[in-house]
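Enquirer: See structure-v4.pdb below, with PDB, C-alpha atoms and all ligand atoms.
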```
MODEL        1
ATOM      1  CA  MET A  31     -34.810  36.658-124.383
ATOM      2  CA  ILE A  32     -38.315  38.091-124.470
ATOM      3  CA  GLU A  33     -41.118  36.173-122.747
ATOM      4  CA  LEU A  34     -44.620  36.446-124.179
ATOM      5  CA  PRO A  35     -47.614  34.101-124.003
ATOM      6  CA  GLY A  36     -47.809  31.757-126.997
ATOM      7  CA  LEU A  37     -45.224  31.064-129.678
ATOM      8  CA  VAL A  38     -42.497  33.639-130.170
ATOM      9  CA  TYR A  39     -40.475  33.821-133.373
ATOM     10  CA  VAL A  40     -37.573  36.227-133.539
ATOM     11  CA  ALA A  41     -36.360  36.557-137.098
ATOM     12  CA  PRO A  42     -32.802  37.467-138.034
ATOM     13  CA  ASP A  43     -33.951  39.600-140.980
ATOM     14  CA  VAL A  44     -37.048  40.814-142.725
ATOM     15  CA  ASP A  45     -37.120  37.976-145.286
ATOM     16  CA  ALA A  46     -37.080  35.359-142.558
ATOM     17  CA  LEU A  47     -39.778  37.269-140.696
ATOM     18  CA  HIS A  48     -42.076  37.349-143.691
ATOM     19  CA  GLU A  49     -41.399  33.755-144.613
ATOM     20  CA  ARG A  50     -42.272  32.435-141.191
ATOM     21  CA  LEU A  51     -45.458  34.461-141.055
ATOM     22  CA  ALA A  52     -46.480  33.491-144.588
ATOM     23  CA  SER A  53     -45.939  29.810-143.972
ATOM     24  CA  GLU A  54     -47.964  29.936-140.756
ATOM     25  CA  MET A  55     -50.758  31.725-142.600
ATOM     26  CA  LEU A  56     -50.632  29.240-145.466
ATOM     27  CA  ARG A  57     -50.973  26.291-143.073
ATOM     28  CA  ALA A  58     -53.935  27.945-141.354
ATOM     29  CA  ALA A  59     -55.566  28.695-144.716
ATOM     30  CA  LEU A  60     -55.219  25.175-146.085
ATOM     31  CA  GLN A  61     -56.534  23.679-142.866
ATOM     32  CA  ALA A  62     -59.520  26.068-142.748
ATOM     33  CA  VAL A  63     -60.482  25.324-146.342
ATOM     34  CA  GLU A  64     -60.136  21.596-145.807
ATOM     35  CA  GLU A  65     -62.179  21.605-142.616
ATOM     36  CA  ARG A  66     -64.745  24.334-143.251
ATOM     37  CA  GLY A  67     -64.530  25.227-146.956
ATOM     38  CA  ALA A  68     -63.425  28.860-146.424
ATOM     39  CA  PHE A  69     -60.598  30.872-144.872
ATOM     40  CA  HIS A  70     -61.590  33.933-142.866
ATOM     41  CA  LEU A  71     -58.611  36.254-142.597
ATOM     42  CA  ALA A  72     -58.608  39.596-140.745
ATOM     43  CA  LEU A  73     -55.831  42.010-141.716
ATOM     44  CA  SER A  74     -54.392  45.055-139.978
ATOM     45  CA  GLY A  75     -53.399  48.359-141.450
ATOM     46  CA  GLY A  76     -50.492  50.501-140.357
ATOM     47  CA  SER A  77     -47.090  50.549-141.969
ATOM     48  CA  THR A  78     -45.532  47.294-140.658
ATOM     49  CA  PRO A  79     -47.601  44.736-142.621
ATOM     50  CA  GLU A  80     -47.501  46.489-146.008
ATOM     51  CA  PRO A  81     -44.206  44.897-147.173
ATOM     52  CA  PHE A  82     -45.494  41.561-145.890
ATOM     53  CA  TYR A  83     -48.629  41.847-148.038
ATOM     54  CA  MET A  84     -46.427  42.589-151.052
ATOM     55  CA  HIS A  85     -44.226  39.612-150.234
ATOM     56  CA  LEU A  86     -47.338  37.389-150.182
ATOM     57  CA  CYS A  87     -48.261  38.218-153.747
ATOM     58  CA  ILE A  88     -44.755  38.409-155.172
ATOM     59  CA  ASP A  89     -43.108  35.257-153.808
ATOM     60  CA  PRO A  90     -44.283  32.248-155.880
ATOM     61  CA  ARG A  91     -44.208  29.971-152.828
ATOM     62  CA  TRP A  92     -47.369  31.570-151.483
ATOM     63  CA  ARG A  93     -49.371  31.026-154.676
ATOM     64  CA  LEU A  94     -50.814  28.008-152.888
ATOM     65  CA  LEU A  95     -52.831  30.349-150.694
ATOM     66  CA  PRO A  96     -56.451  29.499-151.499
ATOM     67  CA  TRP A  97     -57.535  33.021-152.430
ATOM     68  CA  PHE A  98     -60.706  31.789-154.156
ATOM     69  CA  ARG A  99     -61.918  30.507-150.801
ATOM     70  CA  THR A 100     -60.605  33.413-148.739
ATOM     71  CA  HIS A 101     -62.601  36.181-147.098
ATOM     72  CA  VAL A 102     -60.503  39.221-146.233
ATOM     73  CA  TRP A 103     -61.839  41.147-143.249
ATOM     74  CA  MET A 104     -60.413  44.226-141.627
ATOM     75  CA  VAL A 105     -59.033  44.405-138.122
ATOM     76  CA  ASP A 106     -59.698  48.132-138.056
ATOM     77  CA  GLU A 107     -60.257  51.141-140.256
ATOM     78  CA  ARG A 108     -59.937  54.886-140.089
ATOM     79  CA  ARG A 109     -63.141  56.723-140.964
ATOM     80  CA  VAL A 110     -61.860  58.352-144.140
ATOM     81  CA  PRO A 111     -62.829  57.864-147.803
ATOM     82  CA  THR A 112     -61.287  54.758-149.369
ATOM     83  CA  ASP A 113     -59.074  56.880-151.631
ATOM     84  CA  ASP A 114     -57.564  58.707-148.633
ATOM     85  CA  PRO A 115     -53.898  57.786-147.997
ATOM     86  CA  ARG A 116     -54.868  56.947-144.373
ATOM     87  CA  SER A 117     -57.374  54.293-145.467
ATOM     88  CA  ASN A 118     -56.319  50.806-144.373
ATOM     89  CA  TRP A 119     -58.502  49.242-147.045
ATOM     90  CA  ARG A 120     -56.718  51.268-149.698
ATOM     91  CA  MET A 121     -53.335  50.001-148.463
ATOM     92  CA  ILE A 122     -54.459  46.359-148.197
ATOM     93  CA  ARG A 123     -56.071  46.527-151.603
ATOM     94  CA  SER A 124     -53.145  48.082-153.415
ATOM     95  CA  SER A 125     -50.448  45.980-151.735
ATOM     96  CA  LEU A 126     -52.255  42.638-151.826
ATOM     97  CA  MET A 127     -55.781  42.206-153.046
ATOM     98  CA  ASP A 128     -55.365  43.860-156.420
ATOM     99  CA  HIS A 129     -52.768  41.185-157.207
ATOM    100  CA  VAL A 130     -54.395  37.952-156.044
ATOM    101  CA  PRO A 131     -57.537  36.180-157.243
ATOM    102  CA  ILE A 132     -59.909  37.056-154.410
ATOM    103  CA  PRO A 133     -63.519  37.026-155.543
ATOM    104  CA  GLU A 134     -65.556  40.179-154.928
ATOM    105  CA  ALA A 135     -67.665  38.252-152.408
ATOM    106  CA  GLY A 136     -64.547  37.659-150.347
ATOM    107  CA  MET A 137     -63.777  41.344-149.851
ATOM    108  CA  HIS A 138     -65.078  42.903-146.663
ATOM    109  CA  PRO A 139     -64.032  46.535-146.259
ATOM    110  CA  MET A 140     -65.308  48.251-143.124
ATOM    111  CA  PRO A 141     -67.920  50.904-143.919
ATOM    112  CA  THR A 142     -66.638  54.442-143.473
ATOM    113  CA  ASP A 143     -69.771  56.432-144.193
ATOM    114  CA  GLY A 144     -73.453  56.352-143.335
ATOM    115  CA  GLU A 145     -75.043  55.412-140.040
ATOM    116  CA  ALA A 146     -74.379  52.548-137.637
ATOM    117  CA  GLN A 147     -71.143  51.365-139.228
ATOM    118  CA  ASP A 148     -70.398  49.065-136.290
ATOM    119  CA  ASP A 149     -73.804  47.361-136.519
ATOM    120  CA  ARG A 150     -73.487  46.972-140.278
ATOM    121  CA  TYR A 151     -70.059  45.332-140.137
ATOM    122  CA  GLU A 152     -71.122  43.153-137.245
ATOM    123  CA  SER A 153     -74.144  41.924-139.255
ATOM    124  CA  GLU A 154     -71.901  41.169-142.218
ATOM    125  CA  LEU A 155     -69.570  39.177-139.976
ATOM    126  CA  LEU A 156     -72.368  37.171-138.428
ATOM    127  CA  ARG A 157     -74.170  36.568-141.733
ATOM    128  CA  THR A 158     -70.993  35.344-143.435
ATOM    129  CA  ILE A 159     -69.101  33.487-140.719
ATOM    130  CA  ALA A 160     -71.794  32.334-138.320
ATOM    131  CA  PRO A 161     -75.027  32.202-140.344
ATOM    132  CA  GLY A 162     -76.495  29.616-137.984
ATOM    133  CA  GLY A 163     -75.892  31.885-134.983
ATOM    134  CA  GLY A 164     -73.121  31.837-132.424
ATOM    135  CA  VAL A 165     -69.649  33.260-132.470
ATOM    136  CA  PRO A 166     -68.028  34.615-135.664
ATOM    137  CA  ARG A 167     -64.642  32.883-135.393
ATOM    138  CA  MET A 168     -61.922  34.209-137.667
ATOM    139  CA  ASP A 169     -59.427  31.607-138.854
ATOM    140  CA  TYR A 170     -56.497  34.009-138.731
ATOM    141  CA  VAL A 171     -56.174  37.525-137.337
ATOM    142  CA  LEU A 172     -53.033  39.501-138.094
ATOM    143  CA  LEU A 173     -52.432  42.260-135.563
ATOM    144  CA  GLY A 174     -49.868  45.008-135.194
ATOM    145  CA  MET A 175     -48.978  47.011-132.125
ATOM    146  CA  GLY A 176     -48.385  50.707-131.588
ATOM    147  CA  GLU A 177     -45.712  52.246-129.389
ATOM    148  CA  ASP A 178     -48.377  52.980-126.764
ATOM    149  CA  GLY A 179     -49.415  49.307-126.661
ATOM    150  CA  HIS A 180     -52.566  49.716-128.746
ATOM    151  CA  THR A 181     -53.578  46.974-131.090
ATOM    152  CA  ALA A 182     -56.267  47.074-133.782
ATOM    153  CA  SER A 183     -57.896  50.462-132.964
ATOM    154  CA  LEU A 184     -58.114  49.561-129.284
ATOM    155  CA  PHE A 185     -56.194  52.449-127.748
ATOM    156  CA  PRO A 186     -55.229  52.781-124.075
ATOM    157  CA  TYR A 187     -58.134  54.043-121.946
ATOM    158  CA  SER A 188     -60.361  54.488-125.006
ATOM    159  CA  ARG A 189     -64.020  53.514-125.142
ATOM    160  CA  ALA A 190     -63.618  50.483-127.411
ATOM    161  CA  ALA A 191     -60.921  48.972-125.168
ATOM    162  CA  ARG A 192     -63.616  48.570-122.474
ATOM    163  CA  ILE A 193     -66.340  47.109-124.695
ATOM    164  CA  THR A 194     -67.496  43.528-124.279
ATOM    165  CA  GLY A 195     -70.460  41.739-125.809
ATOM    166  CA  ARG A 196     -69.921  43.321-129.240
ATOM    167  CA  TRP A 197     -67.948  42.074-132.257
ATOM    168  CA  VAL A 198     -67.256  45.488-133.804
ATOM    169  CA  ALA A 199     -67.033  48.940-132.214
ATOM    170  CA  GLY A 200     -66.527  52.544-133.216
ATOM    171  CA  ASN A 201     -63.732  54.341-131.393
ATOM    172  CA  ASP A 202     -62.924  58.004-131.074
ATOM    173  CA  GLY A 203     -62.468  60.709-128.473
ATOM    174  CA  PRO A 204     -59.850  60.792-125.704
ATOM    175  CA  GLY A 205     -56.989  58.392-126.217
ATOM    176  CA  VAL A 206     -57.734  57.668-129.892
ATOM    177  CA  THR A 207     -55.277  58.847-132.517
ATOM    178  CA  PRO A 208     -57.496  60.668-135.063
ATOM    179  CA  PRO A 209     -59.307  60.110-137.322
ATOM    180  CA  PRO A 210     -62.182  58.209-135.649
ATOM    181  CA  ARG A 211     -61.955  54.445-136.073
ATOM    182  CA  LEU A 212     -63.920  51.258-136.470
ATOM    183  CA  THR A 213     -62.357  48.175-134.925
ATOM    184  CA  LEU A 214     -62.849  44.513-134.160
ATOM    185  CA  THR A 215     -63.284  44.123-130.405
ATOM    186  CA  PHE A 216     -61.289  41.964-128.022
ATOM    187  CA  ASP A 217     -64.204  39.501-128.128
ATOM    188  CA  THR A 218     -63.762  38.978-131.880
ATOM    189  CA  ILE A 219     -59.974  38.876-131.739
ATOM    190  CA  ASN A 220     -59.940  36.395-128.874
ATOM    191  CA  ALA A 221     -62.543  34.161-130.517
ATOM    192  CA  ALA A 222     -60.182  33.566-133.466
ATOM    193  CA  ARG A 223     -58.606  30.185-134.132
ATOM    194  CA  ARG A 224     -55.226  31.862-134.576
ATOM    195  CA  VAL A 225     -53.940  35.327-133.761
ATOM    196  CA  ALA A 226     -50.554  36.492-135.009
ATOM    197  CA  VAL A 227     -48.912  39.728-133.895
ATOM    198  CA  LEU A 228     -46.306  41.283-136.169
ATOM    199  CA  VAL A 229     -44.022  43.773-134.427
ATOM    200  CA  THR A 230     -40.789  45.262-135.687
ATOM    201  CA  GLY A 231     -38.400  47.991-134.658
ATOM    202  CA  GLN A 232     -36.576  49.090-131.571
ATOM    203  CA  LYS A 233     -39.180  51.756-130.766
ATOM    204  CA  LYS A 234     -41.653  49.032-129.782
ATOM    205  CA  ARG A 235     -39.246  47.024-127.667
ATOM    206  CA  GLY A 236     -40.049  48.812-124.400
ATOM    207  CA  VAL A 237     -43.775  48.323-124.585
ATOM    208  CA  LEU A 238     -43.417  44.713-125.705
ATOM    209  CA  HIS A 239     -41.247  43.934-122.678
ATOM    210  CA  ARG A 240     -43.667  45.800-120.415
ATOM    211  CA  ALA A 241     -46.536  43.704-121.765
ATOM    212  CA  GLY A 242     -44.511  40.509-121.309
ATOM    213  CA  MET A 243     -43.814  41.430-117.706
ATOM    214  CA  ARG A 244     -47.480  42.165-116.987
ATOM    215  CA  TRP A 245     -48.503  38.784-118.375
ATOM    216  CA  ARG A 246     -45.813  37.038-116.336
ATOM    217  CA  VAL A 247     -46.991  38.529-113.081
ATOM    218  CA  GLY A 248     -50.668  37.989-113.956
ATOM    219  CA  ASP A 249     -51.381  41.699-114.258
ATOM    220  CA  ALA A 250     -52.737  41.980-117.830
ATOM    221  CA  ASP A 251     -54.709  45.211-118.164
ATOM    222  CA  PRO A 252     -56.377  45.543-121.587
ATOM    223  CA  VAL A 253     -57.652  49.040-120.838
ATOM    224  CA  ALA A 254     -54.266  50.485-119.847
ATOM    225  CA  LEU A 255     -52.166  48.337-122.185
ATOM    226  CA  PRO A 256     -54.493  46.912-124.863
ATOM    227  CA  ILE A 257     -52.000  44.428-126.302
ATOM    228  CA  THR A 258     -52.295  42.519-123.014
ATOM    229  CA  GLY A 259     -55.981  41.954-123.810
ATOM    230  CA  VAL A 260     -55.027  39.629-126.674
ATOM    231  CA  ARG A 261     -55.513  36.109-125.310
ATOM    232  CA  PRO A 262     -57.363  33.771-127.722
ATOM    233  CA  TRP A 263     -59.694  31.681-125.556
ATOM    234  CA  ASP A 264     -59.505  28.566-127.699
ATOM    235  CA  GLY A 265     -56.960  29.477-130.337
ATOM    236  CA  THR A 266     -53.250  29.940-130.814
ATOM    237  CA  LEU A 267     -51.274  33.114-130.314
ATOM    238  CA  SER A 268     -48.000  33.721-132.124
ATOM    239  CA  TRP A 269     -45.581  36.633-132.123
ATOM    240  CA  HIS A 270     -43.516  37.504-135.178
ATOM    241  CA  LEU A 271     -40.728  39.850-134.137
ATOM    242  CA  ASP A 272     -37.491  41.148-135.509
ATOM    243  CA  ARG A 273     -34.420  41.369-133.295
ATOM    244  CA  GLU A 274     -34.876  45.082-132.708
ATOM    245  CA  ALA A 275     -38.353  44.615-131.257
ATOM    246  CA  ALA A 276     -37.447  41.499-129.290
ATOM    247  CA  GLY A 277     -34.361  43.090-127.777
ATOM    248  CA  ASP A 278     -31.968  40.476-129.129
ATOM    249  CA  ALA A 279     -30.275  42.959-131.447
TER     250      ALA A 279
HETATM  251  C1  LIG A 301     -53.924  50.826-137.769
HETATM  252  C2  LIG A 301     -53.724  49.520-137.099
HETATM  253  C3  LIG A 301     -52.908  49.545-135.853
HETATM  254  C4  LIG A 301     -51.478  49.261-136.231
HETATM  255  C5  LIG A 301     -50.546  49.836-135.213
HETATM  256  C6  LIG A 301     -49.104  49.719-135.616
HETATM  257  O1  LIG A 301     -54.772  50.945-138.575
HETATM  258  O2  LIG A 301     -53.177  51.766-137.458
HETATM  259  O3  LIG A 301     -54.301  48.417-137.565
HETATM  260  O4  LIG A 301     -53.317  48.738-134.811
HETATM  261  O5  LIG A 301     -51.262  47.899-136.378
HETATM  262  O6  LIG A 301     -50.852  51.210-135.062
HETATM  263  O7  LIG A 301     -48.907  50.542-136.719
HETATM  264  P1  LIG A 301     -47.531  50.584-137.518
HETATM  265  O8  LIG A 301     -47.366  49.259-138.153
HETATM  266  O9  LIG A 301     -47.725  51.695-138.520
HETATM  267  O10 LIG A 301     -46.487  50.892-136.498
ENDMDL
END
```
Turn the structure described in the file into structure tokens.
Ligand code: 6PG
Expert:
Amino acid sequence: MIELPGLVYVAPDVDALHERLASEMLRAALQAVEERGAFHLALSGGSTPEPFYMHLCIDPRWRLLPWFRTHVWMVDERRVPTDDPRSNWRMIRSSLMDHVPIPEAGMHPMPTDGEAQDDRYESELLRTIAPGGGVPRMDYVLLGMGEDGHTASLFPYSRAARITGRWVAGNDGPGVTPPPRLTLTFDTINAARRVAVLVTGQKKRGVLHRAGMRWRVGDADPVALPITGVRPWDGTLSWHLDREAAGDA
């Protein structure tokens, strides 16, 4: 049985995995709208969440998601045009947002051209989520994890994995899988009210267990193993795993 900080769900199959995640997200969304009038949701790219995004718009049970009051933010983006197959925004848009009633004002793609992309996205975050100043707290951040333990575009030993005091950072150079990236920082992720990590497949089992062991012995090292830097300071952390990733297969 895998040990990780927070709530750990190990699903017997992909439907159960998606259902659990969708119902957790729905609860968070309804609560955010009731308490604060809007739901700020940050979504990851990569291949794992794509079928989940499709499930969200296809299964009628999730029609209760308050899309009209939802702001979709990006966890990270590759610096490529939005019609490039590597664009996370393109994937999130085609698998989810094109099919649900999100107003234009609720769409927040990361900029991929022009100057100071990190500053621009950071300003948008602050203006929209924390207009009175303070911390831009996401209501729900959905993360993935790579086989090297990266999460968002925070890669082992990369520049952005060491950054504090910023909400958004560019990342490229040694350690970063090209193309160059833009990513939410640990500060933004850990300020969220809820962080969920979706991990599937046997290939990620080793690194997940290594991270669990580091946490257990109090040896989290976000620079070497970025997933261990995910520790919401006043929020909830949940893990959504299949049996292959958890090691219960
Ligand atoms: C990205 C991500 C990244 C992703 C992991 C896992 O844009 O690549 O947001 O952090 O979640 O690399 O990717 P897979 O789901 O493709 O394994």
Enquirer: Distance cut-off 9 Å, centre (-39.7, 41.6, -132.4) in file coordinates, counting only C-alpha atoms: which residues qualify? Return them as a list in words.
Expert: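 Here is the list of nearby residues: Ile32, Val38, Tyr39, Val40, Ala41, Leu228, Val229, Thr230, Gly231, Gln232, Lys234, Arg235, Leu238, Trp269, His270, Leu271, Asp272, Arg273, Glu274, Ala275, Ala276, Gly277 and Asp278 of chain A.
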Enquirer: Could you give me the residues within 7 Å of ligand LIG 301 (chain A), counting all atoms listed in the file, as a PyMOL selection string?
Expert: chain A and resi 74-79+105-108+118+173-176+180-183
Enquirer: Once you have the residues from the selection above, write them out as a CSV table (one decimal), in the coordinates of the input, restricted to C-alpha atoms.
Expert:
```
chain,number,residue,atom,x,y,z
A,74,SER,CA,-54.4,45.1,-140.0
A,75,GLY,CA,-53.4,48.4,-141.4
A,76,GLY,CA,-50.5,50.5,-140.4
A,77,SER,CA,-47.1,50.5,-142.0
A,78,THR,CA,-45.5,47.3,-140.7
A,79,PRO,CA,-47.6,44.7,-142.6
A,105,VAL,CA,-59.0,44.4,-138.1
A,106,ASP,CA,-59.7,48.1,-138.1
A,107,GLU,CA,-60.3,51.1,-140.3
A,108,ARG,CA,-59.9,54.9,-140.1
A,118,ASN,CA,-56.3,50.8,-144.4
A,173,LEU,CA,-52.4,42.3,-135.6
A,174,GLY,CA,-49.9,45.0,-135.2
A,175,MET,CA,-49.0,47.0,-132.1
A,176,GLY,CA,-48.4,50.7,-131.6
A,180,HIS,CA,-52.6,49.7,-128.7
A,181,THR,CA,-53.6,47.0,-131.1
A,182,ALA,CA,-56.3,47.1,-133.8
A,183,SER,CA,-57.9,50.5,-133.0
```
Enquirer: Suppose a student applies the PyMOL selection byres (((chain A and resi 190) around 10) and not hetatm) to this structure; what residues should they get, written as a PyMOL selection string?
Expert: chain A and resi 183-189+191-194+196+198-202+206+211-216+253
Enquirer: By how many Å are atom CA of A:Tyr83 and atom CA of A:Glu64 apart?
Expert: 23.4 Å
Enquirer: So what does the PyMOL selection byres (((chain A and resi 87) around 10) and not hetatm) actually pick up in this one, as a PyMOL selection string?
Expert: chain A and resi 82-86+88-93+95+125-130
Enquirer: Taking all atoms of stretch 212-223 of chain A that the file lists and extending 8 Å past them on each side, where is the centre of the axis-aligned box and how long are its edges? Answer in Å to one decimal, as AutoDock Vina command-line options.
Expert:
```
--center_x -61.4 --center_y 40.7 --center_z -132.2 --size_x 21.6 --size_y 37.1 --size_z 24.4
```
Enquirer: For the structure provided, state which residues fall under the PyMOL selection byres (((chain A and resi 140-143) around 12) and not hetatm), and present them as a PyMOL selection string.
Expert: chain A and resi 72-74+102-114+117-120+137-139+144-155+198-200+209-214
Enquirer: For atom CA of A:Asp251 and atom CA of A:Arg224, quote the distance in Å rounded to one decimal.
Expert: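 Separation of atom CA of A:Asp251 and atom CA of A:Arg224: 21.2 Å.
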Enquirer: Mind giving me the straight-line distance from atom CA of A:Glu54 to atom CA of A:His239 in Å, one decimal?
Expert: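 Between these atoms lies a distance of 23.8 Å.
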Enquirer: Could you tell me which of A:Ile122, A:Met55, A:Arg66, A:Val247 comes closest to A:Ala160 if we count all atoms listed in the file?
Expert: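 Closest candidate: A:Arg66.
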Enquirer: Got a sec to check which residues sit within 8 Å of (-59.5, 31.1, -129.7), counting all atoms listed in the file, and write them as a count of residues only?
Expert: 12
Enquirer: Rank nothing, just name the residue among A:Val171, A:Val44, A:Gly179, A:Val225 nearest to A:Ala241, using all atoms listed in the file.
Expert: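 Among the listed residues, A:Gly179 lies closest to A:Ala241.
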Enquirer: Considering all atoms listed in the file, state which residue in the set A:Asp217, A:Asp43, A:Asp178, A:Asp169 is at the smallest distance from A:Leu255.
Expert: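 The closest residue to A:Leu255 is A:Asp178.
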Enquirer: Extract stretch 87-104 of chain A from the preceding block and save N, CA and C atoms as a tab-separated table (two decimals), in the first residue's frame.
Expert:
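Wrote it out as decode.tsv, contents follow:
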```tsv
chain	number	residue	atom	x	y	z
A	87	CYS	N	-16.90	16.43	-19.98
A	87	CYS	CA	-17.95	17.05	-20.80
A	87	CYS	C	-18.92	16.03	-21.39
A	88	ILE	N	-18.56	14.76	-21.36
A	88	ILE	CA	-19.47	13.77	-21.94
A	88	ILE	C	-20.45	13.21	-20.92
A	89	ASP	N	-19.99	12.94	-19.71
A	89	ASP	CA	-20.86	12.30	-18.72
A	89	ASP	C	-21.85	13.32	-18.14
A	90	PRO	N	-23.16	13.07	-18.30
A	90	PRO	CA	-24.16	14.07	-17.88
A	90	PRO	C	-24.12	14.41	-16.39
A	91	ARG	N	-23.52	13.52	-15.58
A	91	ARG	CA	-23.47	13.83	-14.14
A	91	ARG	C	-22.67	15.08	-13.82
A	92	TRP	N	-21.75	15.43	-14.69
A	92	TRP	CA	-20.89	16.58	-14.38
A	92	TRP	C	-21.40	17.88	-15.02
A	93	ARG	N	-22.65	17.81	-15.54
A	93	ARG	CA	-23.22	19.05	-16.11
A	93	ARG	C	-23.47	20.09	-15.02
A	94	LEU	N	-23.47	19.62	-13.77
A	94	LEU	CA	-23.68	20.55	-12.66
A	94	LEU	C	-22.47	21.45	-12.41
A	95	LEU	N	-21.36	21.13	-13.07
A	95	LEU	CA	-20.18	21.99	-12.88
A	95	LEU	C	-20.54	23.41	-13.32
A	96	PRO	N	-20.26	24.37	-12.47
A	96	PRO	CA	-20.71	25.76	-12.76
A	96	PRO	C	-19.77	26.46	-13.74
A	97	TRP	N	-19.80	26.03	-14.99
A	97	TRP	CA	-18.85	26.57	-15.97
A	97	TRP	C	-18.96	28.07	-16.14
A	98	PHE	N	-20.19	28.60	-16.02
A	98	PHE	CA	-20.38	30.06	-16.19
A	98	PHE	C	-19.58	30.86	-15.18
A	99	ARG	N	-19.31	30.24	-14.04
A	99	ARG	CA	-18.58	30.94	-12.97
A	99	ARG	C	-17.15	30.43	-12.84
A	100	THR	N	-16.71	29.67	-13.84
A	100	THR	CA	-15.38	29.05	-13.74
A	100	THR	C	-14.34	29.82	-14.54
A	101	HIS	N	-13.17	29.96	-13.94
A	101	HIS	CA	-12.00	30.49	-14.66
A	101	HIS	C	-11.02	29.35	-14.84
A	102	VAL	N	-10.69	29.04	-16.09
A	102	VAL	CA	-9.71	27.98	-16.34
A	102	VAL	C	-8.33	28.60	-16.56
A	103	TRP	N	-7.43	28.23	-15.67
A	103	TRP	CA	-6.03	28.68	-15.73
A	103	TRP	C	-5.18	27.51	-16.17
A	104	MET	N	-3.95	27.80	-16.53
A	104	MET	CA	-3.05	26.72	-16.93
A	104	MET	C	-2.00	26.49	-15.86
```
